[in-house]
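Novice: Provided below: model_31.pdb, containing PDB, C-alpha atoms, pLDDT in the B column.
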ATOM      1  CA  TYR A   5      -7.282  -0.672  23.431  1.00 60.00           C
ATOM      2  CA  MET A   6      -3.876  -2.188  22.686  1.00 71.00           C
ATOM      3  CA  VAL A   7      -4.713  -2.597  18.975  1.00 74.00           C
ATOM      4  CA  SER A   8      -5.774   1.067  18.756  1.00 76.00           C
ATOM      5  CA  LEU A   9      -2.595   2.106  20.543  1.00 78.00           C
ATOM      6  CA  ALA A  10      -0.530  -0.002  18.145  1.00 77.00           C
ATOM      7  CA  ASP A  11      -2.225   1.707  15.197  1.00 78.00           C
ATOM      8  CA  THR A  12      -1.389   5.114  16.675  1.00 78.00           C
ATOM      9  CA  LEU A  13       2.229   4.070  17.169  1.00 77.00           C
ATOM     10  CA  ARG A  14       2.388   2.827  13.566  1.00 76.00           C
ATOM     11  CA  ALA A  15       0.968   6.107  12.287  1.00 77.00           C
ATOM     12  CA  ASN A  16       3.659   7.938  14.254  1.00 77.00           C
ATOM     13  CA  GLY A  17       6.392   5.777  12.732  1.00 81.00           C
ATOM     14  CA  GLU A  18       7.060   3.856  15.966  1.00 79.00           C
ATOM     15  CA  HIS A  19       6.966   0.501  14.210  1.00 82.00           C
ATOM     16  CA  ASP A  20       8.974  -1.578  16.674  1.00 86.00           C
ATOM     17  CA  GLU A  21       6.731  -0.512  19.551  1.00 89.00           C
ATOM     18  CA  ALA A  22       3.620  -1.224  17.473  1.00 90.00           C
ATOM     19  CA  LEU A  23       4.936  -4.667  16.550  1.00 90.00           C
ATOM     20  CA  ALA A  24       5.666  -5.523  20.186  1.00 90.00           C
ATOM     21  CA  LEU A  25       2.125  -4.597  21.214  1.00 89.00           C
ATOM     22  CA  LEU A  26       0.471  -6.502  18.376  1.00 91.00           C
ATOM     23  CA  ARG A  27       2.571  -9.601  19.012  1.00 92.00           C
ATOM     24  CA  GLU A  28       1.481  -9.475  22.641  1.00 92.00           C
ATOM     25  CA  VAL A  29      -2.159  -9.180  21.571  1.00 91.00           C
ATOM     26  CA  LEU A  30      -1.754 -11.996  19.057  1.00 93.00           C
ATOM     27  CA  GLU A  31      -0.142 -14.342  21.595  1.00 94.00           C
ATOM     28  CA  GLU A  32      -2.897 -13.646  24.113  1.00 94.00           C
ATOM     29  CA  ARG A  33      -5.688 -14.221  21.582  1.00 94.00           C
ATOM     30  CA  ARG A  34      -4.118 -17.413  20.284  1.00 95.00           C
ATOM     31  CA  GLY A  35      -3.891 -18.693  23.841  1.00 96.00           C
ATOM     32  CA  THR A  36      -7.451 -17.836  24.837  1.00 95.00           C
ATOM     33  CA  LEU A  37      -9.415 -17.900  21.560  1.00 96.00           C
ATOM     34  CA  GLY A  38      -7.443 -20.198  19.272  1.00 95.00           C
ATOM     35  CA  ASP A  39      -5.603 -19.689  15.997  1.00 94.00           C
ATOM     36  CA  LEU A  40      -8.697 -19.470  13.779  1.00 93.00           C
ATOM     37  CA  HIS A  41     -10.844 -17.149  15.867  1.00 94.00           C
ATOM     38  CA  PRO A  42     -11.809 -13.993  13.884  1.00 93.00           C
ATOM     39  CA  SER A  43     -10.233 -11.739  16.538  1.00 93.00           C
ATOM     40  CA  THR A  44      -6.961 -13.680  16.337  1.00 95.00           C
ATOM     41  CA  LEU A  45      -6.910 -13.485  12.553  1.00 95.00           C
ATOM     42  CA  SER A  46      -7.728  -9.758  12.657  1.00 93.00           C
ATOM     43  CA  ALA A  47      -4.731  -9.159  14.938  1.00 93.00           C
ATOM     44  CA  LEU A  48      -2.570 -11.213  12.572  1.00 95.00           C
ATOM     45  CA  SER A  49      -3.695  -9.049   9.646  1.00 95.00           C
ATOM     46  CA  ASP A  50      -2.944  -5.877  11.636  1.00 93.00           C
ATOM     47  CA  LEU A  51       0.530  -7.251  12.343  1.00 94.00           C
ATOM     48  CA  GLY A  52       1.057  -7.658   8.605  1.00 95.00           C
ATOM     49  CA  VAL A  53       0.285  -3.981   8.045  1.00 93.00           C
ATOM     50  CA  VAL A  54       2.909  -2.842  10.547  1.00 92.00           C
ATOM     51  CA  LEU A  55       5.485  -5.181   9.002  1.00 95.00           C
ATOM     52  CA  GLU A  56       4.659  -3.648   5.608  1.00 95.00           C
ATOM     53  CA  TYR A  57       5.142  -0.112   6.896  1.00 91.00           C
ATOM     54  CA  LYS A  58       8.388  -1.180   8.571  1.00 92.00           C
ATOM     55  CA  GLY A  59       9.627  -2.367   5.165  1.00 93.00           C
ATOM     56  CA  ASP A  60       9.591  -6.084   5.978  1.00 96.00           C
ATOM     57  CA  LEU A  61       7.656  -7.185   2.883  1.00 97.00           C
ATOM     58  CA  ASP A  62       8.628 -10.850   3.309  1.00 97.00           C
ATOM     59  CA  GLY A  63       7.240 -10.867   6.826  1.00 96.00           C
ATOM     60  CA  ALA A  64       4.173  -8.897   5.846  1.00 97.00           C
ATOM     61  CA  GLU A  65       3.339 -11.228   2.975  1.00 98.00           C
ATOM     62  CA  SER A  66       3.779 -14.334   5.121  1.00 97.00           C
ATOM     63  CA  VAL A  67       1.600 -13.027   7.952  1.00 97.00           C
ATOM     64  CA  LEU A  68      -1.119 -11.720   5.638  1.00 98.00           C
ATOM     65  CA  ARG A  69      -1.249 -15.010   3.740  1.00 98.00           C
ATOM     66  CA  GLU A  70      -1.689 -16.853   7.035  1.00 97.00           C
ATOM     67  CA  ALA A  71      -4.461 -14.459   8.088  1.00 97.00           C
ATOM     68  CA  LEU A  72      -6.277 -14.707   4.762  1.00 96.00           C
ATOM     69  CA  SER A  73      -6.051 -18.499   4.717  1.00 95.00           C
ATOM     70  CA  GLY A  74      -7.658 -18.640   8.145  1.00 95.00           C
ATOM     71  CA  GLN A  75     -10.314 -16.064   7.318  1.00 94.00           C
ATOM     72  CA  ARG A  76     -11.369 -17.950   4.195  1.00 92.00           C
ATOM     73  CA  LYS A  77     -12.098 -20.933   6.439  1.00 89.00           C
ATOM     74  CA  THR A  78     -14.330 -18.886   8.739  1.00 83.00           C
ATOM     75  CA  PRO A  79     -17.992 -19.972   8.637  1.00 79.00           C
ATOM     76  CA  GLY A  80     -20.292 -17.512   6.905  1.00 71.00           C
ATOM     77  CA  GLY A  81     -18.129 -16.811   3.889  1.00 68.00           C
ATOM     78  CA  VAL A  82     -16.139 -13.727   3.010  1.00 77.00           C
ATOM     79  CA  ASN A  83     -16.695 -10.784   5.343  1.00 86.00           C
ATOM     80  CA  LEU A  84     -15.219  -7.308   5.717  1.00 88.00           C
ATOM     81  CA  ASP A  85     -12.215  -8.543   7.711  1.00 91.00           C
ATOM     82  CA  THR A  86     -11.416 -11.018   4.921  1.00 93.00           C
ATOM     83  CA  LEU A  87     -11.749  -8.300   2.263  1.00 92.00           C
ATOM     84  CA  ASP A  88      -9.489  -6.011   4.281  1.00 93.00           C
ATOM     85  CA  THR A  89      -6.779  -8.671   4.418  1.00 95.00           C
ATOM     86  CA  MET A  90      -7.157  -9.303   0.669  1.00 95.00           C
ATOM     87  CA  TYR A  91      -6.636  -5.600   0.022  1.00 93.00           C
ATOM     88  CA  ARG A  92      -3.635  -5.466   2.344  1.00 95.00           C
ATOM     89  CA  LEU A  93      -2.003  -8.508   0.755  1.00 97.00           C
ATOM     90  CA  ALA A  94      -2.705  -7.174  -2.743  1.00 96.00           C
ATOM     91  CA  ARG A  95      -0.977  -3.918  -1.760  1.00 94.00           C
ATOM     92  CA  VAL A  96       2.129  -5.784  -0.568  1.00 97.00           C
ATOM     93  CA  LEU A  97       2.204  -7.932  -3.691  1.00 97.00           C
ATOM     94  CA  ARG A  98       1.873  -4.862  -5.922  1.00 95.00           C
ATOM     95  CA  THR A  99       4.821  -3.260  -4.149  1.00 95.00           C
ATOM     96  CA  ARG A 100       6.819  -6.441  -4.774  1.00 95.00           C
ATOM     97  CA  GLY A 101       5.900  -6.439  -8.447  1.00 94.00           C
ATOM     98  CA  GLU A 102       3.810  -9.610  -8.192  1.00 95.00           C
ATOM     99  CA  LEU A 103       1.069  -8.030 -10.261  1.00 95.00           C
ATOM    100  CA  ASP A 104      -0.866 -11.091 -11.402  1.00 95.00           C
ATOM    101  CA  GLU A 105      -1.768 -12.205  -7.883  1.00 96.00           C
ATOM    102  CA  ALA A 106      -2.212  -8.610  -6.733  1.00 96.00           C
ATOM    103  CA  MET A 107      -4.632  -8.180  -9.628  1.00 96.00           C
ATOM    104  CA  ALA A 108      -6.684 -11.240  -8.680  1.00 96.00           C
ATOM    105  CA  LEU A 109      -6.949 -10.331  -4.994  1.00 95.00           C
ATOM    106  CA  GLY A 110      -7.614  -6.657  -5.655  1.00 94.00           C
ATOM    107  CA  GLN A 111     -10.349  -7.477  -8.118  1.00 94.00           C
ATOM    108  CA  GLU A 112     -12.052  -9.861  -5.708  1.00 92.00           C
ATOM    109  CA  ALA A 113     -12.065  -7.233  -2.964  1.00 92.00           C
ATOM    110  CA  SER A 114     -13.109  -4.311  -5.169  1.00 91.00           C
ATOM    111  CA  GLU A 115     -15.941  -6.228  -6.865  1.00 90.00           C
ATOM    112  CA  SER A 116     -17.581  -7.330  -3.613  1.00 87.00           C
ATOM    113  CA  PRO A 117     -21.232  -6.352  -3.047  1.00 82.00           C
ATOM    114  CA  THR A 118     -21.717  -3.120  -1.132  1.00 76.00           C
ATOM    115  CA  ASP A 119     -24.247  -1.705   1.292  1.00 77.00           C
ATOM    116  CA  GLU A 120     -24.353   1.430   3.435  1.00 75.00           C
ATOM    117  CA  LEU A 121     -21.967  -0.105   5.963  1.00 75.00           C
ATOM    118  CA  THR A 122     -19.370  -1.444   3.530  1.00 83.00           C
ATOM    119  CA  ARG A 123     -19.530   1.111   0.690  1.00 86.00           C
ATOM    120  CA  GLY A 124     -16.695   3.279   1.984  1.00 87.00           C
ATOM    121  CA  TYR A 125     -14.401   0.294   2.463  1.00 89.00           C
ATOM    122  CA  ILE A 126     -15.098  -1.099  -0.999  1.00 92.00           C
ATOM    123  CA  CYS A 127     -14.423   2.324  -2.524  1.00 92.00           C
ATOM    124  CA  VAL A 128     -10.990   2.359  -0.879  1.00 92.00           C
ATOM    125  CA  TYR A 129     -10.292  -1.131  -2.246  1.00 94.00           C
ATOM    126  CA  GLN A 130     -11.283   0.109  -5.703  1.00 95.00           C
ATOM    127  CA  ILE A 131      -8.948   3.093  -5.441  1.00 95.00           C
ATOM    128  CA  HIS A 132      -5.984   0.932  -4.508  1.00 94.00           C
ATOM    129  CA  HIS A 133      -6.830  -1.698  -7.117  1.00 96.00           C
ATOM    130  CA  SER A 134      -6.745   1.049  -9.755  1.00 97.00           C
ATOM    131  CA  ARG A 135      -3.042   1.426  -8.988  1.00 95.00           C
ATOM    132  CA  THR A 136      -2.413  -2.205  -9.916  1.00 96.00           C
ATOM    133  CA  LEU A 137      -4.256  -1.565 -13.169  1.00 97.00           C
ATOM    134  CA  MET A 138      -2.024   1.454 -13.769  1.00 97.00           C
ATOM    135  CA  GLU A 139       1.080  -0.691 -13.248  1.00 95.00           C
ATOM    136  CA  LEU A 140      -0.274  -2.914 -16.025  1.00 95.00           C
ATOM    137  CA  ASP A 141      -0.880   0.147 -18.256  1.00 95.00           C
ATOM    138  CA  ARG A 142      -4.620  -0.553 -18.176  1.00 96.00           C
ATOM    139  CA  PHE A 143      -5.429   3.130 -17.869  1.00 97.00           C
ATOM    140  CA  ASP A 144      -9.003   2.993 -19.166  1.00 97.00           C
ATOM    141  CA  ASP A 145      -9.882   0.280 -16.650  1.00 97.00           C
ATOM    142  CA  ALA A 146      -8.167   2.222 -13.861  1.00 98.00           C
ATOM    143  CA  GLU A 147     -10.112   5.370 -14.712  1.00 98.00           C
ATOM    144  CA  SER A 148     -13.388   3.453 -14.828  1.00 97.00           C
ATOM    145  CA  LEU A 149     -12.708   1.978 -11.389  1.00 97.00           C
ATOM    146  CA  LEU A 150     -11.772   5.366  -9.933  1.00 97.00           C
ATOM    147  CA  ASN A 151     -14.988   6.823 -11.328  1.00 96.00           C
ATOM    148  CA  ARG A 152     -16.935   4.064  -9.577  1.00 94.00           C
ATOM    149  CA  ALA A 153     -15.129   4.781  -6.323  1.00 94.00           C
ATOM    150  CA  ARG A 154     -15.806   8.499  -6.708  1.00 93.00           C
ATOM    151  CA  ALA A 155     -19.509   7.851  -7.289  1.00 91.00           C
ATOM    152  CA  GLY A 156     -19.640   5.570  -4.254  1.00 89.00           C
ATOM    153  CA  LEU A 157     -17.938   8.109  -1.995  1.00 88.00           C
ATOM    154  CA  ALA A 158     -20.198  10.873  -3.326  1.00 85.00           C
ATOM    155  CA  MET A 159     -23.233   8.935  -2.086  1.00 83.00           C
ATOM    156  CA  ASP A 160     -22.095   9.681   1.462  1.00 70.00           C
ATOM    157  CA  SER A 161     -21.898  13.375   2.326  1.00 55.00           C
ATOM    158  CA  PHE A 162     -19.700  12.433   5.287  1.00 55.00           C
ATOM    159  CA  SER A 163     -17.078  10.554   3.257  1.00 60.00           C
ATOM    160  CA  ALA A 164     -13.845  10.293   5.198  1.00 78.00           C
ATOM    161  CA  ARG A 165     -11.383  12.953   4.123  1.00 82.00           C
ATOM    162  CA  ASP A 166      -8.518  10.469   3.956  1.00 85.00           C
ATOM    163  CA  SER A 167     -10.504   8.348   1.469  1.00 89.00           C
ATOM    164  CA  VAL A 168     -11.186  11.400  -0.693  1.00 89.00           C
ATOM    165  CA  GLU A 169      -7.532  12.416  -0.473  1.00 90.00           C
ATOM    166  CA  THR A 170      -6.483   8.908  -1.532  1.00 92.00           C
ATOM    167  CA  LEU A 171      -8.878   9.168  -4.477  1.00 94.00           C
ATOM    168  CA  ALA A 172      -7.430  12.525  -5.545  1.00 94.00           C
ATOM    169  CA  GLU A 173      -3.894  11.143  -5.322  1.00 95.00           C
ATOM    170  CA  ALA A 174      -4.876   8.182  -7.502  1.00 97.00           C
ATOM    171  CA  TYR A 175      -6.504  10.413 -10.130  1.00 97.00           C
ATOM    172  CA  ASN A 176      -3.398  12.608 -10.178  1.00 97.00           C
ATOM    173  CA  GLU A 177      -1.191   9.533 -10.632  1.00 97.00           C
ATOM    174  CA  LEU A 178      -3.428   8.171 -13.391  1.00 98.00           C
ATOM    175  CA  TYR A 179      -3.522  11.353 -15.459  1.00 97.00           C
ATOM    176  CA  SER A 180       0.183  12.042 -14.896  1.00 97.00           C
ATOM    177  CA  ARG A 181       0.991   8.574 -16.226  1.00 97.00           C
ATOM    178  CA  ARG A 182      -1.349   9.040 -19.178  1.00 97.00           C
ATOM    179  CA  HIS A 183       0.255  12.375 -20.016  1.00 96.00           C
ATOM    180  CA  GLN A 184       3.675  10.705 -20.091  1.00 95.00           C
ATOM    181  CA  THR A 185       2.527   8.063 -22.569  1.00 94.00           C
ATOM    182  CA  GLN A 186      -0.018  10.173 -24.477  1.00 94.00           C
ATOM    183  CA  PRO A 187       1.100  13.829 -24.383  1.00 94.00           C
ATOM    184  CA  GLY A 188      -1.023  16.508 -25.943  1.00 93.00           C
ATOM    185  CA  LEU A 189      -4.393  14.990 -25.046  1.00 95.00           C
ATOM    186  CA  GLY A 190      -5.145  17.135 -22.006  1.00 96.00           C
ATOM    187  CA  PHE A 191      -4.229  14.608 -19.331  1.00 97.00           C
ATOM    188  CA  ASP A 192      -1.741  17.057 -17.802  1.00 96.00           C
ATOM    189  CA  ALA A 193      -4.588  19.519 -17.184  1.00 97.00           C
ATOM    190  CA  LYS A 194      -6.669  16.805 -15.516  1.00 96.00           C
ATOM    191  CA  ALA A 195      -3.737  15.873 -13.290  1.00 97.00           C
ATOM    192  CA  ALA A 196      -3.292  19.541 -12.359  1.00 96.00           C
ATOM    193  CA  THR A 197      -6.970  19.778 -11.375  1.00 94.00           C
ATOM    194  CA  TRP A 198      -6.623  16.905  -8.925  1.00 95.00           C
ATOM    195  CA  ARG A 199      -3.355  18.306  -7.550  1.00 94.00           C
ATOM    196  CA  LYS A 200      -5.220  21.543  -6.908  1.00 93.00           C
ATOM    197  CA  SER A 201      -7.873  19.588  -5.008  1.00 90.00           C
ATOM    198  CA  LEU A 202      -5.188  17.965  -2.884  1.00 89.00           C
ATOM    199  CA  GLU A 203      -3.652  21.350  -2.128  1.00 90.00           C
ATOM    200  CA  ALA A 204      -7.073  22.724  -1.160  1.00 89.00           C
ATOM    201  CA  MET A 205      -7.585  19.899   1.318  1.00 86.00           C
ATOM    202  CA  LYS A 206      -4.161  20.462   2.860  1.00 84.00           C
ATOM    203  CA  ASP A 207      -4.700  24.225   3.087  1.00 86.00           C
ATOM    204  CA  ASP A 208      -8.150  23.847   4.676  1.00 84.00           C
ATOM    205  CA  PRO A 209      -8.396  20.893   7.099  1.00 79.00           C
ATOM    206  CA  ALA A 210     -12.100  21.698   7.571  1.00 76.00           C
ATOM    207  CA  LEU A 211     -12.920  21.389   3.866  1.00 73.00           C
ATOM    208  CA  PRO A 212     -15.545  18.623   3.504  1.00 68.00           C
ATOM    209  CA  GLY A 213     -14.576  15.752   1.235  1.00 68.00           C
ATOM    210  CA  ALA A 214     -17.948  16.103  -0.495  1.00 63.00           C
ATOM    211  CA  GLU A 215     -16.820  19.434  -1.993  1.00 68.00           C
ATOM    212  CA  ILE A 216     -13.889  17.723  -3.692  1.00 70.00           C
ATOM    213  CA  LEU A 217     -16.162  15.049  -5.111  1.00 71.00           C
ATOM    214  CA  SER A 218     -18.716  17.469  -6.569  1.00 66.00           C
TER     215      SER A 218
END
Using structure tokens, write down the structure from this file.

Specialist:
Amino acid sequence: YMVSLADTLRANGEHDEALALLREVLEERRGTLGDLHPSTLSALSDLGVVLEYKGDLDGAESVLREALSGQRKTPGGVNLDTLDTMYRLARVLRTRGELDEAMALGQEASESPTDELTRGYICVYQIHHSRTLMELDRFDDAESLLNRARAGLAMDSFSARDSVETLAEAYNELYSRRHQTQPGLGFDAKAATWRKSLEAMKDDPALPGAEILS
């Protein structure tokens, strides 16, 4: 309950309150479950997200590195919690301009095997990893990865709208960047198409994500 409440507070911009709650949860779990318990490490990763949103990138990176180090030691190998922390850390590193490590982590998360339960998560990792590729001017690779994410989301008629919106934003960014470096090749029209999709989703909150993907 407290973790869900902290996430709601973060979404509402109440970062200090969210941090206080998550630190309380983390202290309790460390005391009762131990530092390397999956639930403790999950709370640590969630704390890193709030620090990122608060603008404390140093703190976010430190906490996420600690969480990922512990999760990699968890018996059973890499799981969804580990992949989520990889993606979160890669996002922080990309923001900081540390693109080589962001690239390695993002690629590991986005290339993980998928099934019906994990497909949506992996698609989101792929979308965000495409942005690292864009920062490196690897536009063809970014487009290929976005196309894979689009195909994965299209396999689920109930794809989360926020995932589809994130995809549309990434396509718009990709084609806008390509138009800047390669004008006259129609990339501006492609960017406009995805901006129109974003506007349609904002104008009609009931519009299914599947319609945008078709």

Novice: Using atom CA of Val29 of chain A and atom CA of Thr44 of chain A as the two end points, give the distance in Å to one decimal.

Specialist: 8.4 Å

Novice: In Å, with one decimal, what is the gap from atom CA of Arg154 of chain A to atom CA of Leu178 of chain A?

Specialist: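 Taking atom CA of Arg154 of chain A and atom CA of Leu178 of chain A, their separation equals 14.1 Å.
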
Novice: Which one is closest to Arg69 of chain A: A:Lys206, A:Lys200, A:Arg27, A:Arg92? Count all atoms listed in the file.

Specialist: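 Under the stated criterion, the closest residue is A:Arg92.
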
Novice: Mind telling me what the PyMOL selection byres ((chain A and resi 61) around 12) catches here, as a compact mmCIF listing (two decimals) with C-alpha atoms, keeping the file's coordinate frame?

Specialist:
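Full text of result-v8.txt as output:
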# COMPACT_ATOMS: atom_id res chain seq x y z
CA LEU A 51 0.53 -7.25 12.34
CA GLY A 52 1.06 -7.66 8.60
CA VAL A 53 0.28 -3.98 8.04
CA VAL A 54 2.91 -2.84 10.55
CA LEU A 55 5.48 -5.18 9.00
CA GLU A 56 4.66 -3.65 5.61
CA TYR A 57 5.14 -0.11 6.90
CA LYS A 58 8.39 -1.18 8.57
CA GLY A 59 9.63 -2.37 5.16
CA ASP A 60 9.59 -6.08 5.98
CA ASP A 62 8.63 -10.85 3.31
CA GLY A 63 7.24 -10.87 6.83
CA ALA A 64 4.17 -8.90 5.85
CA GLU A 65 3.34 -11.23 2.98
CA SER A 66 3.78 -14.33 5.12
CA VAL A 67 1.60 -13.03 7.95
CA LEU A 68 -1.12 -11.72 5.64
CA ARG A 69 -1.25 -15.01 3.74
CA ARG A 92 -3.64 -5.47 2.34
CA LEU A 93 -2.00 -8.51 0.76
CA ALA A 94 -2.70 -7.17 -2.74
CA ARG A 95 -0.98 -3.92 -1.76
CA VAL A 96 2.13 -5.78 -0.57
CA LEU A 97 2.20 -7.93 -3.69
CA ARG A 98 1.87 -4.86 -5.92
CA THR A 99 4.82 -3.26 -4.15
CA ARG A 100 6.82 -6.44 -4.77
CA GLY A 101 5.90 -6.44 -8.45
CA GLU A 102 3.81 -9.61 -8.19

Novice: Kindly give the distance, in Å, that separates atom CA of Arg135 of chain A and atom CA of Arg181 of chain A, rounded to a single decimal.

Specialist: 10.9 Å

Novice: Excluding Leu25 of chain A and its own-chain neighbours fewer than 5 positions away, which residues fall within 8 Å of it when counting only C-alpha atoms? Please give them as JSON, numbers by chain.

Specialist: {"A": [6, 7, 10]}

Novice: Okay, now the selection with C-alpha atoms, as a compact mmCIF listing (two decimals), keeping the file's coordinate frame?

Specialist:
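New file again.txt:
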# COMPACT_ATOMS: atom_id res chain seq x y z
CA MET A 6 -3.88 -2.19 22.69
CA VAL A 7 -4.71 -2.60 18.98
CA ALA A 10 -0.53 0.00 18.14

Novice: For Arg142 of chain A, which residue out of A:Ile216, A:Met107, A:Ala204, A:Leu45 is the nearest one, using only C-alpha atoms?

Specialist: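 Using only C-alpha atoms, Arg142 of chain A sits closest to A:Met107.
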
Novice: Selected by the PyMOL selection byres ((chain A and resi 150) around 10) in the shown coordinates: which residues, as a PyMOL selection string?

Specialist: chain A and resi 127-128+130-135+144-149+151-156+171-172+174-175+178

Novice: List every residue of segment 90-120 of chain A that has an atom at most 12 Å from any atom of segment 79-83 of chain A, and for each one report the closest atom pair and its distance in Å to one decimal, counting only C-alpha atoms, with rows sorted by chain and then by increasing residue number, as CSV.

Specialist:
residue,atom,partner,partner_atom,distance
A:Met90,CA,A:Val82,CA,10.3
A:Glu112,CA,A:Val82,CA,10.4
A:Ala113,CA,A:Val82,CA,9.7
A:Ser116,CA,A:Val82,CA,9.3
A:Pro117,CA,A:Asn83,CA,10.5
A:Thr118,CA,A:Asn83,CA,11.2

Novice: Would you compute an axis-aligned box for segment 89-107 of chain A, covering every atom listed for it in the file with 8 Å of margin on each side, and report centre and edge lengths in Å to one decimal as JSON?

Specialist:
{"center_x": -0.2, "center_y": -7.7, "center_z": -3.5, "size_x": 30.0, "size_y": 24.9, "size_z": 31.8}

Novice: Using the chain letters and residue numbers of this document, give as a PDB file with C-alpha atoms, in the frame of the given file the residues selected by the PyMOL selection byres ((chain A and resi 46) around 9).

Specialist:
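Below is the file that was written, expr_12.pdb:
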ATOM      1  CA  HIS A  41     -10.844 -17.149  15.867  1.00 94.00           C
ATOM      2  CA  PRO A  42     -11.809 -13.993  13.884  1.00 93.00           C
ATOM      3  CA  SER A  43     -10.233 -11.739  16.538  1.00 93.00           C
ATOM      4  CA  THR A  44      -6.961 -13.680  16.337  1.00 95.00           C
ATOM      5  CA  LEU A  45      -6.910 -13.485  12.553  1.00 95.00           C
ATOM      6  CA  ALA A  47      -4.731  -9.159  14.938  1.00 93.00           C
ATOM      7  CA  LEU A  48      -2.570 -11.213  12.572  1.00 95.00           C
ATOM      8  CA  SER A  49      -3.695  -9.049   9.646  1.00 95.00           C
ATOM      9  CA  ASP A  50      -2.944  -5.877  11.636  1.00 93.00           C
ATOM     10  CA  LEU A  51       0.530  -7.251  12.343  1.00 94.00           C
ATOM     11  CA  ALA A  71      -4.461 -14.459   8.088  1.00 97.00           C
ATOM     12  CA  GLN A  75     -10.314 -16.064   7.318  1.00 94.00           C
ATOM     13  CA  ASP A  85     -12.215  -8.543   7.711  1.00 91.00           C
ATOM     14  CA  THR A  86     -11.416 -11.018   4.921  1.00 93.00           C
ATOM     15  CA  THR A  89      -6.779  -8.671   4.418  1.00 95.00           C
TER      16      THR A  89
END

Novice: Could you list, as a PyMOL selection string, every residue within 8 Å of Leu103 of chain A, counting only C-alpha atoms and ignoring same-chain residues fewer than 6 positions away?

Specialist: chain A and resi 97+136+139-140

Novice: For each of A:Ala22, A:Ala196, A:Ala106, A:Leu217, take the minimum atom-to-atom distance to Glu177 of chain A, counting all atoms listed in the file, then give the residue where this is smallest.

Specialist: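 Among the listed residues, the smallest separation from Glu177 of chain A belongs to A:Ala196.
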